[in-house]
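Structure data (mmCIF, C-alpha atoms and all ligand atoms) from structure.cif:
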```cif
data_start
#
loop_
_atom_site.label_atom_id
_atom_site.label_comp_id
_atom_site.auth_asym_id
_atom_site.auth_seq_id
_atom_site.Cartn_x
_atom_site.Cartn_y
_atom_site.Cartn_z
CA MET M 252 -16.09 -16.13 -3.82
CA ASP M 253 -16.47 -13.91 -6.89
CA LEU M 254 -15.27 -10.34 -6.98
CA SER M 255 -18.67 -8.67 -7.23
CA TYR M 256 -19.98 -10.72 -4.30
CA ILE M 257 -17.08 -9.47 -2.19
CA LEU M 258 -17.53 -5.85 -3.24
CA ASN M 259 -21.35 -5.69 -3.28
CA GLN M 260 -22.44 -8.05 -0.51
CA LEU M 261 -19.83 -9.63 1.72
CA GLY M 262 -20.10 -8.41 5.31
CA GLU M 263 -23.26 -6.44 4.62
CA ASP M 264 -26.37 -7.64 6.44
CA ARG M 265 -29.02 -5.37 4.92
CA GLU M 266 -31.94 -6.97 6.75
CA ARG M 267 -30.46 -5.65 9.98
CA TYR M 268 -30.53 -2.07 8.73
CA PHE M 269 -33.88 -1.46 7.05
CA GLY M 270 -32.78 -2.86 3.67
CA ALA M 271 -30.53 0.16 3.20
CA VAL M 272 -28.27 -0.54 0.22
CA ALA M 273 -25.46 1.62 1.59
CA PRO M 274 -24.40 0.36 5.01
CA PRO M 275 -24.88 2.56 8.09
CA ILE M 276 -22.01 4.51 9.60
CA VAL M 277 -22.11 3.17 13.16
CA GLN M 278 -20.80 6.35 14.73
CA SER M 279 -20.52 5.03 18.28
CA SER M 280 -17.46 4.68 20.48
CA ILE M 281 -19.08 2.12 22.80
CA PHE M 282 -21.53 -0.78 22.64
CA ALA M 283 -23.84 -1.61 25.55
CA PHE M 284 -24.63 -5.10 26.89
CA PRO M 285 -27.95 -6.46 28.13
CA SER M 286 -26.33 -8.28 31.08
CA VAL M 287 -23.11 -8.63 33.05
CA ASP M 288 -22.70 -12.08 31.56
CA ALA M 289 -22.91 -10.68 28.01
CA MET M 290 -20.39 -7.98 28.94
CA ARG M 291 -17.99 -10.63 30.27
CA ALA M 292 -18.36 -12.53 27.00
CA GLY M 293 -17.73 -9.33 25.02
CA PHE M 294 -14.43 -8.70 26.80
CA ARG M 295 -13.37 -12.31 26.28
CA ASP M 296 -13.35 -11.66 22.52
CA GLU M 297 -12.82 -7.96 21.78
CA PHE M 298 -11.35 -8.99 18.41
CA GLY M 299 -14.67 -10.44 17.26
CA GLN M 300 -17.29 -8.71 19.44
CA HIS M 301 -18.40 -5.08 19.58
CA VAL M 302 -17.16 -3.57 22.83
CA TYR M 303 -15.24 -0.41 22.05
CA THR M 304 -14.50 1.17 18.67
CA ARG M 305 -10.73 1.23 19.31
CA GLY M 306 -11.06 -2.56 18.97
CA ASN M 307 -13.94 -3.34 16.67
CA ASN M 308 -16.75 -1.37 15.04
CA PRO M 309 -19.55 -2.74 12.81
CA THR M 310 -18.85 -0.41 9.86
CA VAL M 311 -15.11 -1.05 10.03
CA GLU M 312 -15.86 -4.77 10.30
CA ILE M 313 -17.66 -4.79 6.93
CA LEU M 314 -14.52 -3.33 5.38
CA ARG M 315 -12.25 -5.80 7.20
CA LYS M 316 -14.20 -8.70 5.68
CA LYS M 317 -14.05 -7.27 2.17
CA VAL M 318 -10.33 -6.46 2.22
CA ALA M 319 -9.49 -9.86 3.76
CA ALA M 320 -11.46 -11.65 1.05
CA LEU M 321 -9.83 -9.59 -1.73
CA GLU M 322 -6.39 -10.46 -0.34
CA GLY M 323 -7.29 -14.14 0.16
CA ALA M 324 -6.62 -13.73 3.89
CA GLU M 325 -8.40 -15.21 6.91
CA ASP M 326 -8.73 -11.74 8.40
CA CYS M 327 -7.71 -8.12 8.17
CA LEU M 328 -7.24 -5.20 10.55
CA MET M 329 -7.86 -1.66 9.33
CA PHE M 330 -5.66 1.22 10.49
CA GLY M 331 -5.76 5.00 10.35
CA SER M 332 -2.93 4.95 7.78
CA GLY M 333 -0.81 2.60 5.70
CA ALA M 334 2.20 3.70 7.76
CA ALA M 335 0.42 2.51 10.93
CA ALA M 336 -0.41 -0.85 9.31
CA MET M 337 3.25 -1.42 8.38
CA ALA M 338 4.47 -0.23 11.79
CA ALA M 339 2.01 -2.54 13.58
CA GLY M 340 3.12 -5.51 11.49
CA VAL M 341 6.75 -4.80 12.38
CA ILE M 342 6.23 -3.96 16.06
CA ALA M 343 4.15 -7.10 16.64
CA SER M 344 6.97 -9.21 15.21
CA VAL M 345 10.15 -8.03 16.99
CA SER M 346 11.60 -7.34 20.44
CA GLY M 347 14.74 -5.59 21.64
CA GLY M 348 17.84 -7.45 20.41
CA ASP M 349 16.09 -8.84 17.33
CA HIS M 350 17.30 -8.28 13.79
CA VAL M 351 15.26 -7.40 10.69
CA VAL M 352 16.17 -7.67 7.01
CA CYS M 353 14.43 -5.12 4.78
CA VAL M 354 14.59 -4.21 1.10
CA ALA M 355 16.95 -1.36 0.22
CA ARG M 356 14.42 1.26 -0.89
CA PRO M 357 11.22 0.75 1.07
CA TYR M 358 8.59 3.45 1.57
CA SER M 359 10.34 6.23 3.50
CA TRP M 360 8.28 5.82 6.70
CA THR M 361 8.84 2.05 6.69
CA ARG M 362 12.56 2.81 6.72
CA ALA M 363 11.93 5.33 9.55
CA VAL M 364 10.04 2.88 11.75
CA LEU M 365 12.85 0.33 11.42
CA LYS M 366 15.86 2.64 11.66
CA ASP M 367 14.73 5.60 13.75
CA LEU M 368 11.96 4.24 15.98
CA LEU M 369 12.90 0.62 16.61
CA GLY M 370 16.61 1.44 16.37
CA ARG M 371 16.13 3.29 19.69
CA PHE M 372 14.79 0.10 21.27
CA GLY M 373 17.63 -2.22 20.29
CA VAL M 374 16.20 -3.64 17.07
CA THR M 375 18.75 -3.67 14.23
CA THR M 376 17.94 -3.72 10.51
CA THR M 377 20.01 -4.66 7.47
CA PHE M 378 18.80 -3.16 4.18
CA VAL M 379 19.53 -5.35 1.15
CA ASP M 380 19.07 -5.21 -2.61
CA GLY M 381 16.04 -7.49 -2.81
CA THR M 382 16.24 -8.08 -6.56
CA ASP M 383 18.58 -11.02 -5.77
CA THR M 384 17.10 -13.50 -3.28
CA ALA M 385 20.59 -14.60 -2.24
CA ASN M 386 21.13 -11.18 -0.61
CA PHE M 387 18.46 -11.99 2.00
CA GLU M 388 20.19 -15.23 2.90
CA VAL M 389 23.55 -13.50 3.32
CA ALA M 390 22.05 -10.85 5.62
CA LEU M 391 20.35 -13.27 8.05
CA THR M 392 21.75 -13.62 11.55
CA ALA M 393 20.84 -15.91 14.44
CA HIS M 394 18.61 -13.06 15.70
CA THR M 395 16.67 -12.34 12.48
CA ARG M 396 12.94 -12.49 13.25
CA LEU M 397 11.43 -10.59 10.33
CA ILE M 398 11.92 -9.90 6.62
CA VAL M 399 10.24 -6.74 5.32
CA LEU M 400 9.39 -6.64 1.63
CA GLU M 401 7.84 -4.15 -0.75
CA SER M 402 7.32 -5.58 -4.21
CA PRO M 403 7.44 -3.54 -6.27
CA ASN M 404 8.41 -0.39 -4.38
CA SER M 405 6.65 2.81 -5.28
CA MET M 406 9.45 4.87 -6.87
CA THR M 407 11.80 2.63 -8.87
CA PHE M 408 9.73 -0.58 -8.72
CA GLU M 409 12.35 -3.16 -7.78
CA GLN M 410 10.68 -6.49 -7.09
CA GLN M 411 11.47 -9.47 -4.90
CA ASP M 412 10.76 -13.08 -5.81
CA LEU M 413 8.12 -13.42 -3.10
CA ALA M 414 7.76 -17.23 -3.27
CA ALA M 415 11.53 -17.69 -3.02
CA VAL M 416 11.96 -15.27 -0.09
CA ALA M 417 8.95 -16.80 1.69
CA ALA M 418 10.39 -20.30 1.32
CA LEU M 419 13.75 -19.16 2.65
CA ALA M 420 12.11 -17.49 5.66
CA GLN M 421 9.71 -20.35 6.41
CA ALA M 422 12.56 -22.85 6.51
CA ARG M 423 14.13 -20.78 9.31
CA GLY M 424 10.98 -19.78 11.22
CA ILE M 425 11.35 -16.11 10.20
CA ARG M 426 8.22 -14.03 9.64
CA THR M 427 7.65 -12.13 6.38
CA LEU M 428 5.74 -8.87 5.89
CA CYS M 429 5.08 -7.46 2.42
CA ASP M 430 3.81 -4.00 1.45
CA ASN M 431 1.44 -4.78 -1.45
CA SER M 432 0.17 -1.22 -2.00
CA TYR M 433 1.44 -0.86 -5.57
CA ALA M 434 -0.14 -4.05 -6.87
CA THR M 435 -3.42 -4.01 -4.86
CA PRO M 436 -4.98 -7.38 -3.93
CA LEU M 437 -6.28 -7.68 -7.49
CA ASN M 438 -2.84 -7.76 -9.11
CA GLN M 439 -0.67 -9.69 -6.65
CA SER M 440 -1.33 -12.24 -3.88
CA PRO M 441 1.68 -12.45 -1.54
CA LEU M 442 -0.15 -14.68 0.99
CA ALA M 443 -0.69 -17.32 -1.69
CA LEU M 444 3.08 -17.23 -2.31
CA GLY M 445 3.80 -17.99 1.35
CA ILE M 446 4.17 -14.47 2.83
CA ASP M 447 2.80 -14.18 6.41
CA LEU M 448 1.52 -10.59 6.58
CA VAL M 449 0.43 -8.22 3.80
CA ALA M 450 0.07 -4.47 4.32
CA HIS M 451 -1.67 -1.85 2.20
CA SER M 452 -1.82 1.87 2.12
CA ALA M 453 -5.60 1.89 1.53
CA THR M 454 -5.15 5.62 0.88
CA LYS M 455 -4.08 4.67 -2.64
CA TYR M 456 -6.06 2.45 -5.05
CA LEU M 457 -8.29 0.73 -2.47
CA ASN M 458 -9.99 4.03 -1.69
CA GLY M 459 -9.07 5.67 -4.98
CA HIS M 460 -10.61 9.10 -4.39
CA SER M 461 -7.87 11.03 -2.55
CA ASP M 462 -10.17 11.73 0.40
CA VAL M 463 -9.16 9.16 3.05
CA VAL M 464 -5.90 8.11 4.73
CA ALA M 465 -6.12 4.44 5.76
CA GLY M 466 -4.19 1.20 6.01
CA ALA M 467 -4.82 -2.54 6.10
CA LEU M 468 -2.93 -5.51 7.47
CA CYS M 469 -3.96 -8.99 6.26
CA GLY M 470 -2.96 -12.46 7.36
CA SER M 471 -4.01 -15.47 9.39
CA THR M 472 -6.49 -14.95 12.25
CA ALA M 473 -3.85 -16.19 14.71
CA LEU M 474 -1.29 -13.60 13.59
CA LEU M 475 -3.83 -10.79 13.48
CA ARG M 476 -5.06 -11.61 16.98
CA GLU M 477 -1.45 -11.16 18.07
CA VAL M 478 -1.29 -7.78 16.29
CA PHE M 479 -4.66 -6.86 17.80
CA ARG M 480 -3.59 -7.56 21.40
CA GLY M 481 -0.29 -5.74 20.74
CA PRO M 482 0.20 -2.58 18.66
CA TYR M 483 -3.37 -2.34 17.36
CA MET M 484 -4.97 -1.86 20.79
CA THR M 485 -2.01 -0.18 22.48
CA LEU M 486 -1.20 2.42 19.81
CA GLY M 487 -4.85 2.91 18.83
CA ALA M 488 -4.12 3.93 15.23
CA ILE M 489 -7.63 2.90 14.18
CA LEU M 490 -9.77 3.78 11.18
CA ALA M 491 -12.83 5.90 12.02
CA PRO M 492 -16.25 4.48 11.01
CA HIS M 493 -16.91 7.31 8.56
CA ASP M 494 -13.58 6.74 6.81
CA ALA M 495 -14.36 3.01 6.68
CA TRP M 496 -17.65 3.86 5.01
CA LEU M 497 -15.89 5.99 2.38
CA LEU M 498 -13.51 3.10 1.74
CA ILE M 499 -16.36 0.61 1.31
CA ARG M 500 -17.75 2.99 -1.31
CA GLY M 501 -14.37 3.46 -3.01
CA LEU M 502 -13.72 -0.29 -3.10
CA ARG M 503 -16.90 -0.98 -5.08
CA THR M 504 -15.28 0.45 -8.21
CA LEU M 505 -11.73 -0.86 -7.66
CA PRO M 506 -11.76 -3.41 -10.52
CA ILE M 507 -13.14 -1.00 -13.09
CA ARG M 508 -10.82 1.82 -11.98
CA LEU M 509 -7.79 -0.45 -12.20
CA GLN M 510 -8.84 -1.72 -15.61
CA ARG M 511 -9.05 1.83 -16.97
CA VAL M 512 -5.80 2.83 -15.28
CA ALA M 513 -3.97 -0.17 -16.77
CA GLN M 514 -5.18 0.66 -20.30
CA THR M 515 -4.21 4.32 -20.06
CA THR M 516 -0.89 3.54 -18.40
CA ALA M 517 0.08 1.21 -21.24
CA GLN M 518 -0.49 4.07 -23.70
CA VAL M 519 1.40 6.63 -21.60
CA LEU M 520 4.23 4.13 -21.08
CA ALA M 521 4.58 3.59 -24.84
CA PHE M 522 4.58 7.38 -25.41
CA LEU M 523 7.26 7.95 -22.76
CA GLU M 524 9.48 5.08 -23.90
CA ALA M 525 9.54 6.57 -27.40
CA HIS M 526 10.13 10.17 -26.25
CA PRO M 527 13.59 11.63 -26.96
CA ARG M 528 13.65 13.68 -23.72
CA VAL M 529 13.09 10.60 -21.53
CA LYS M 530 16.30 8.86 -20.50
CA HIS M 531 14.70 5.99 -18.64
CA VAL M 532 11.23 4.78 -17.69
CA TYR M 533 10.81 2.86 -14.46
CA SER M 534 7.81 0.54 -14.37
CA PRO M 535 7.41 -3.19 -13.74
CA ARG M 536 6.20 -3.35 -17.36
CA ALA M 537 8.80 -1.04 -18.94
CA SER M 538 10.60 -2.80 -21.78
CA ALA M 539 13.98 -1.89 -20.18
CA ASN M 540 13.05 -3.46 -16.81
CA PRO M 541 15.58 -6.23 -16.11
CA GLN M 542 12.94 -7.97 -13.96
CA LEU M 543 10.30 -8.40 -16.69
CA ALA M 544 10.30 -12.18 -16.21
CA LEU M 545 9.51 -11.75 -12.51
CA THR M 546 6.76 -9.26 -13.42
CA GLU M 547 5.16 -11.97 -15.57
CA GLN M 548 5.62 -14.54 -12.82
CA GLN M 549 3.99 -12.73 -9.89
CA LEU M 550 2.21 -9.55 -11.02
CA ARG M 551 -1.15 -9.65 -12.78
CA GLY M 552 -2.22 -6.54 -14.69
CA ALA M 553 -0.57 -3.20 -14.06
CA SER M 554 -0.95 -0.15 -11.88
CA GLY M 555 -0.75 3.49 -12.92
CA LEU M 556 2.55 4.41 -11.29
CA LEU M 557 5.56 5.10 -13.46
CA THR M 558 8.69 7.12 -12.91
CA ILE M 559 10.65 8.88 -15.63
CA GLU M 560 14.22 10.06 -15.66
CA LEU M 561 14.10 13.24 -17.70
CA ASP M 562 16.83 14.28 -20.10
CA ALA M 563 17.13 17.53 -18.14
CA ALA M 564 20.22 19.74 -17.88
CA ASP M 565 19.55 20.57 -14.24
CA VAL M 566 16.90 20.62 -11.51
CA ALA M 567 15.59 23.94 -12.89
CA ALA M 568 14.61 22.10 -16.09
CA VAL M 569 12.79 19.44 -14.04
CA GLU M 570 10.93 22.29 -12.35
CA ARG M 571 10.03 23.85 -15.71
CA PHE M 572 8.68 20.49 -16.91
CA CYS M 573 6.53 19.96 -13.81
CA ASP M 574 5.37 23.58 -13.58
CA GLY M 575 4.18 23.20 -17.19
CA LEU M 576 1.81 20.32 -16.42
CA THR M 577 -1.79 21.47 -16.21
CA ARG M 578 -3.73 18.19 -16.00
CA PHE M 579 -1.35 16.29 -13.73
CA LEU M 580 -1.67 17.73 -10.23
CA MET M 581 1.66 18.21 -8.51
CA THR M 582 1.55 16.36 -5.21
CA VAL M 583 2.59 13.31 -3.23
CA SER M 584 0.62 10.07 -2.92
CA TRP M 585 -0.97 8.19 -5.82
CA GLY M 586 -3.72 5.78 -6.76
CA GLY M 587 -6.58 8.28 -7.01
CA TYR M 588 -8.99 9.11 -9.82
CA GLU M 589 -6.77 12.01 -10.90
CA SER M 590 -3.31 12.00 -12.47
CA LEU M 591 -0.41 13.25 -10.36
CA ALA M 592 3.22 14.27 -10.78
CA PHE M 593 5.87 14.16 -8.03
CA PRO M 594 9.37 15.53 -8.79
CA VAL M 595 10.91 13.72 -5.84
CA CYS M 596 14.52 14.95 -5.98
CA ALA M 597 13.54 18.53 -6.84
CA VAL M 598 11.34 18.60 -3.72
CA PHE M 599 13.74 16.65 -1.48
CA PRO M 600 17.25 17.65 -2.63
CA PRO M 601 20.32 15.63 -1.60
CA ASN M 602 20.85 15.88 2.18
CA ALA M 603 17.14 16.58 2.84
CA PRO M 604 15.80 13.99 5.33
CA LEU M 605 13.37 12.48 2.82
CA HIS M 606 15.78 12.43 -0.14
CA PRO M 607 15.68 8.96 -1.74
CA PRO M 608 18.53 6.58 -0.89
CA ALA M 609 21.76 6.82 -2.91
CA GLY M 610 21.72 5.78 -6.54
CA VAL M 611 18.46 7.49 -7.49
CA PRO M 612 18.90 9.95 -10.42
CA LEU M 613 18.09 13.59 -9.63
CA SER M 614 15.79 14.20 -12.62
CA LEU M 615 13.15 11.68 -11.53
CA VAL M 616 9.48 12.54 -11.83
CA ARG M 617 6.94 9.99 -10.63
CA LEU M 618 3.59 9.96 -12.42
CA SER M 619 0.37 8.43 -11.13
CA ILE M 620 -2.02 7.82 -13.98
CA GLY M 621 -5.68 8.47 -13.18
CA LEU M 622 -8.95 8.08 -15.03
CA GLU M 623 -8.62 10.92 -17.57
CA GLU M 624 -8.72 10.34 -21.33
CA PRO M 625 -5.29 9.04 -22.43
CA ALA M 626 -4.96 11.66 -25.18
CA VAL M 627 -5.46 14.48 -22.65
CA LEU M 628 -2.62 13.19 -20.48
CA ILE M 629 -0.26 12.62 -23.41
CA ALA M 630 -0.92 16.14 -24.75
CA ASP M 631 -0.24 17.58 -21.29
CA LEU M 632 3.07 15.72 -21.07
CA GLU M 633 4.03 16.77 -24.61
CA ALA M 634 3.46 20.44 -23.76
CA ALA M 635 5.59 20.08 -20.63
CA PHE M 636 8.42 18.38 -22.57
CA ALA M 637 8.52 21.44 -24.85
CA ARG M 638 9.59 23.53 -21.81
CA LEU M 639 12.54 21.32 -20.85
C1 LIG M 701 1.66 5.74 0.83
C2 LIG M 701 2.39 4.50 1.11
C3 LIG M 701 2.47 3.98 2.40
C4 LIG M 701 1.93 4.69 3.60
O1 LIG M 701 0.57 4.80 3.54
P1 LIG M 701 -0.23 6.02 4.23
O2 LIG M 701 -1.62 5.62 4.00
O3 LIG M 701 0.21 7.26 3.53
O4 LIG M 701 0.18 6.05 5.66
C5 LIG M 701 3.10 2.76 2.59
N1 LIG M 701 3.65 2.10 1.55
C6 LIG M 701 3.62 2.58 0.30
C7 LIG M 701 4.24 1.80 -0.79
C8 LIG M 701 3.00 3.81 0.04
O5 LIG M 701 2.99 4.30 -1.20
#
```

Here is a file; write its structure as C-alpha cells.
Ligand SMILES: *Cc1c(COP(=O)(O)O)cnc(C)c1O
Amino acid sequence: MDLSYILNQLGEDRERYFGAVAPPIVQSSIFAFPSVDAMRAGFRDEFGQHVYTRGNNPTVEILRKKVAALEGAEDCLMFGSGAAAMAAGVIASVSGGDHVVCVARPYSWTRAVLKDLLGRFGVTTTFVDGTDTANFEVALTAHTRLIVLESPNSMTFEQQDLAAVAALAQARGIRTLCDNSYATPLNQSPLALGIDLVAHSATKYLNGHSDVVAGALCGSTALLREVFRGPYMTLGAILAPHDAWLLIRGLRTLPIRLQRVAQTTAQVLAFLEAHPRVKHVYSPRASANPQLALTEQQLRGASGLLTIELDAADVAAVERFCDGLTRFLMTVSWGGYESLAFPVCAVFPPNAPLHPPAGVPLSLVRLSIGLEEPAVLIADLEAAFARL
C-alpha cells in the first residue's frame, strides 16, 4: 500500500457520503439497529461494529485504519491522549504481583503510570539504562511480564536496539511496548523489528498543528481486542469524532511536513554543533551521539527535536537565552508546524516533581523545529545566544 493511498483514500468510502472529499464528522454517541437480531450481532462485536462511540465511531475508524497502515499494524486504537495510549498498553499487560522493566528516562507520565499508579496495585518496575541490551536481561525476574521502551526518548534521545530487545523478550514470552512518538511511523517501524505494541502521542507530528491531544496504540488485532475489552472500554479515554477528523486532516501532510522539518533540523543542528556557547547537542543524528550506528540501523530520516546544553553560568542565563527568542514559542510539547523552546530544568528545578531524572544537565533547552525558513530560526537563536 503506497503512502498517498493510505493518507488520501484508505478507510474513506466517499460513495456513502455524497462524494464528499472530506469525510463526515459522525457526531453521534449511539447507533441504532433495524432489528433485535442486528442489535445482538452489534454487541457480539463492539470492536468492529458501530454500537456506542466509547467503543467505535465511523470517523474515528477511518483514522484507526490510516494509522494502523502507516505503522504496518493489523489494527490501531485511538485514545484521547498519548498518555492514555501508553497507560492502556501497560494496564492491559500486567496484574498485581507482576514486574515490568522500563527504560531509565521515559516520558514523565509513563514513569508515573508505572511507579505511582500501578505501584499502588502491586506492580513493580525496574528502570534500566536501555542503551545496553544486556541491562534488560539482568533486570528480568520470574514475574516480568512487560518491557516498556521509548526509542529514542524525547529529551536526551537514548535509543534501544529494538530488534535485540524484542528477540530477548519473545524468547521468554514477555510482551514489549514501545513509544514511537519521536520517530513517527514514517521513520521507524518497531513492529517489523518484533515489538508487540507501539504507542504514539498523536498530539505531536501525526496531527502536527498543535490543536488536538490524541494517542494511538498499534499492534495485532488479537492484542488490541484484549486492550479494547480491558482499559479501552473501562477507562473510556477515547478520541472524540471531531478530534479524529482534525487528525485525518493533519495526517494528510505528514510526509511533506516531516521532509521539511528534517531539512531544516539538519541546518539548525550544524549551526548549533559549531556554536561556541553550546556545550553539547543531543540528537540521534548529532555527531557526538555515541549511538550513531544504531541510528543508522533502525531510524530512517530525522525528526525536529533536539536538545542543547548551553554554556551558561547559571539558570538565570538560560532564562535570558529563552526570553530572548522571538520566533521559537516557549512551551511544552513538540511536533507542530511552529518552532518551540522548552527550558526543562529552569521550569522544573531540582526537587520539583517533574524534574528530569538524575544526570540531566541543568542548562538544557529542548528545541522543536517547525516549518519556518531555516535562516529565520538560526537568526533567532543567534540573537538569543548574544544575551547569554
Ligand atoms: C507527549 C508525549 C507523550 C504523551 O502524549 P500526550 O498526547 O501529551 O498525552 C508520550 N510520549 C512521548 C514521547 C511524548 O512526547

(request) Find the spatial neighbours of Asn259 in chain M, counting all atoms listed in the file, within a cut-off of 10 Å - ignore same-chain residues fewer than 5 positions away - and output them as a PyMOL selection string. (result) chain M and resi 254+272-273+317+499-500+502-504

(request) Could you pull out the residues sitting within 7 Å of ligand LIG 701 (chain M), using all atoms listed in the file, and write them as a PyMOL selection string? (result) chain M and resi 332-335+358+401+404-405+430+432-433+451-455+464-466+584

(message) Using only C-alpha atoms for the distances, tell me which of M:Ile446, M:Ala563, M:Ala521, M:Leu622 is nearest to Gly459 in chain M.
(response) M:Leu622

(request) Give as a PyMOL selection string the set of residues within 12 Å of the point (16.2, -13.8, 6.1), where distances use the file's coordinates and all atoms listed in the file. (result) chain M and resi 350-354+376-379+381+384-400+415-428

(request) For CA of Val318 in chain M and CA of Leu261 in chain M, quote the distance in Å rounded to one decimal. (result) 10.0 Å

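Going from CA of Tyr588 in chain M over to CA of Leu632 in chain M, you cover 17.8 Å.
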
9 Å contact set for Thr375 in chain M, all atoms listed in the file, chain neighbours under 4 positions out, as a PDB file with C-alpha atoms, in the coordinates of the input:
```pdb
ATOM      1  CA  GLY M 347      14.740  -5.590  21.640  1.00  0.00           C
ATOM      2  CA  GLY M 348      17.840  -7.450  20.410  1.00  0.00           C
ATOM      3  CA  ASP M 349      16.090  -8.840  17.330  1.00  0.00           C
ATOM      4  CA  HIS M 350      17.300  -8.280  13.790  1.00  0.00           C
ATOM      5  CA  VAL M 351      15.260  -7.400  10.690  1.00  0.00           C
ATOM      6  CA  VAL M 352      16.170  -7.670   7.010  1.00  0.00           C
ATOM      7  CA  LEU M 365      12.850   0.330  11.420  1.00  0.00           C
ATOM      8  CA  LYS M 366      15.860   2.640  11.660  1.00  0.00           C
ATOM      9  CA  LEU M 369      12.900   0.620  16.610  1.00  0.00           C
ATOM     10  CA  GLY M 370      16.610   1.440  16.370  1.00  0.00           C
TER      11      GLY M 370
END
```

(message) Excluding Pro607 in chain M and its own-chain neighbours fewer than 3 positions away, which residues fall within 10 Å of it when counting all atoms listed in the file? Please give them as an NGL selection string.
(response) :M and (356-359 or 406 or 595-596 or 599-604 or 610-613)

(request) Could you jot down the CA of Phe522 in chain M to CA of Glu589 in chain M separation for me, Å, one decimal place? (result) 19.0 Å

(request) Go through M:Glu570, M:Ala597, M:Thr558, M:Phe636 one by one, measure the shortest atom-to-atom distance of each to Val616 in chain M using all atoms listed in the file, and give the residue with the smallest value. (result) M:Thr558

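Among the candidates M:Ala343, M:Met337, M:Val583, M:Val463, the residue lying nearest to Asn431 in chain M is M:Met337 (atoms considered: all atoms listed in the file).
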
(request) Rank nothing, just name the residue among M:Arg536, M:Arg476, M:Arg638, M:Arg551 nearest to Val569 in chain M, using all atoms listed in the file. (result) M:Arg638

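Minimum atom-to-atom distance to Gln542 in chain M, evaluated using only C-alpha atoms, belongs to M:Phe408 out of M:Leu457, M:Phe408, M:Cys573, M:Thr435.
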
(message) Need to verify the contact set: Ile559 in chain M, 9 Å, only C-alpha atoms, exclusion of same-chain residues closer than 2 positions in sequence. Can you return it as a PyMOL selection string?
(response) chain M and resi 523+529-534+557+561+614-618

(request) Select, from M:Pro506, M:Gly373, M:Gly575, M:Gly470, the residue with the minimum atom-to-atom distance to Ala319 in chain M, counting all atoms listed in the file. (result) M:Gly470

(request) Neighbourhood query: residues within 6 Å of (-7.1, -16.1, 8.8), file coordinates, counting all atoms listed in the file; return as a PyMOL selection string. (result) chain M and resi 324-326+470-472

Mind dumping the selected residues with C-alpha atoms as a CSV table (one decimal), in the frame of the given file?
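Below you can see again35.csv, which holds the result:
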```
chain,number,residue,atom,x,y,z
M,324,ALA,CA,-6.6,-13.7,3.9
M,325,GLU,CA,-8.4,-15.2,6.9
M,326,ASP,CA,-8.7,-11.7,8.4
M,470,GLY,CA,-3.0,-12.5,7.4
M,471,SER,CA,-4.0,-15.5,9.4
M,472,THR,CA,-6.5,-15.0,12.2
```

(message) Can you pull out the residues contacting Gln510 in chain M? Cut-off 9 Å, using all atoms listed in the file, and skip same-chain residues under 5 positions away; I want them as a ChimeraX atom specification.
(response) /M:505,515,552-554

May I have the selected residues written with C-alpha atoms, as a CSV table (one decimal), keeping the file's coordinate frame?
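That gives us result.csv:
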```csv
chain,number,residue,atom,x,y,z
M,505,LEU,CA,-11.7,-0.9,-7.7
M,515,THR,CA,-4.2,4.3,-20.1
M,552,GLY,CA,-2.2,-6.5,-14.7
M,553,ALA,CA,-0.6,-3.2,-14.1
M,554,SER,CA,-1.0,-0.2,-11.9
```

Atoms kept (N, CA and C atoms) for range 523-534 of chain M, as a PDB file, in the first residue's frame:
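As written to disk, selection13.pdb reads:
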```
ATOM      1  N   LEU M 523      24.220  24.663  15.526  1.00  0.00           N
ATOM      2  CA  LEU M 523      24.384  24.510  16.975  1.00  0.00           C
ATOM      3  C   LEU M 523      25.678  23.766  17.314  1.00  0.00           C
ATOM      4  N   GLU M 524      26.005  22.759  16.505  1.00  0.00           N
ATOM      5  CA  GLU M 524      27.224  21.986  16.802  1.00  0.00           C
ATOM      6  C   GLU M 524      28.475  22.843  16.657  1.00  0.00           C
ATOM      7  N   ALA M 525      28.391  23.874  15.808  1.00  0.00           N
ATOM      8  CA  ALA M 525      29.555  24.741  15.590  1.00  0.00           C
ATOM      9  C   ALA M 525      29.566  25.936  16.539  1.00  0.00           C
ATOM     10  N   HIS M 526      28.497  26.118  17.338  1.00  0.00           N
ATOM     11  CA  HIS M 526      28.387  27.346  18.132  1.00  0.00           C
ATOM     12  C   HIS M 526      29.196  27.262  19.423  1.00  0.00           C
ATOM     13  N   PRO M 527      30.012  28.298  19.711  1.00  0.00           N
ATOM     14  CA  PRO M 527      30.871  28.244  20.902  1.00  0.00           C
ATOM     15  C   PRO M 527      30.103  28.242  22.234  1.00  0.00           C
ATOM     16  N   ARG M 528      28.868  28.699  22.266  1.00  0.00           N
ATOM     17  CA  ARG M 528      28.118  28.719  23.532  1.00  0.00           C
ATOM     18  C   ARG M 528      27.272  27.455  23.732  1.00  0.00           C
ATOM     19  N   VAL M 529      27.448  26.469  22.856  1.00  0.00           N
ATOM     20  CA  VAL M 529      26.738  25.190  23.016  1.00  0.00           C
ATOM     21  C   VAL M 529      27.740  24.150  23.487  1.00  0.00           C
ATOM     22  N   LYS M 530      27.471  23.582  24.671  1.00  0.00           N
ATOM     23  CA  LYS M 530      28.397  22.578  25.210  1.00  0.00           C
ATOM     24  C   LYS M 530      28.147  21.213  24.599  1.00  0.00           C
ATOM     25  N   HIS M 531      26.877  20.922  24.343  1.00  0.00           N
ATOM     26  CA  HIS M 531      26.550  19.583  23.844  1.00  0.00           C
ATOM     27  C   HIS M 531      25.218  19.661  23.098  1.00  0.00           C
ATOM     28  N   VAL M 532      25.125  18.928  22.005  1.00  0.00           N
ATOM     29  CA  VAL M 532      23.845  18.817  21.306  1.00  0.00           C
ATOM     30  C   VAL M 532      23.380  17.372  21.401  1.00  0.00           C
ATOM     31  N   TYR M 533      22.168  17.189  21.891  1.00  0.00           N
ATOM     32  CA  TYR M 533      21.563  15.861  21.931  1.00  0.00           C
ATOM     33  C   TYR M 533      20.633  15.708  20.735  1.00  0.00           C
ATOM     34  N   SER M 534      20.871  14.702  19.935  1.00  0.00           N
ATOM     35  CA  SER M 534      20.001  14.361  18.813  1.00  0.00           C
ATOM     36  C   SER M 534      20.465  12.996  18.326  1.00  0.00           C
TER      37      SER M 534
END
```
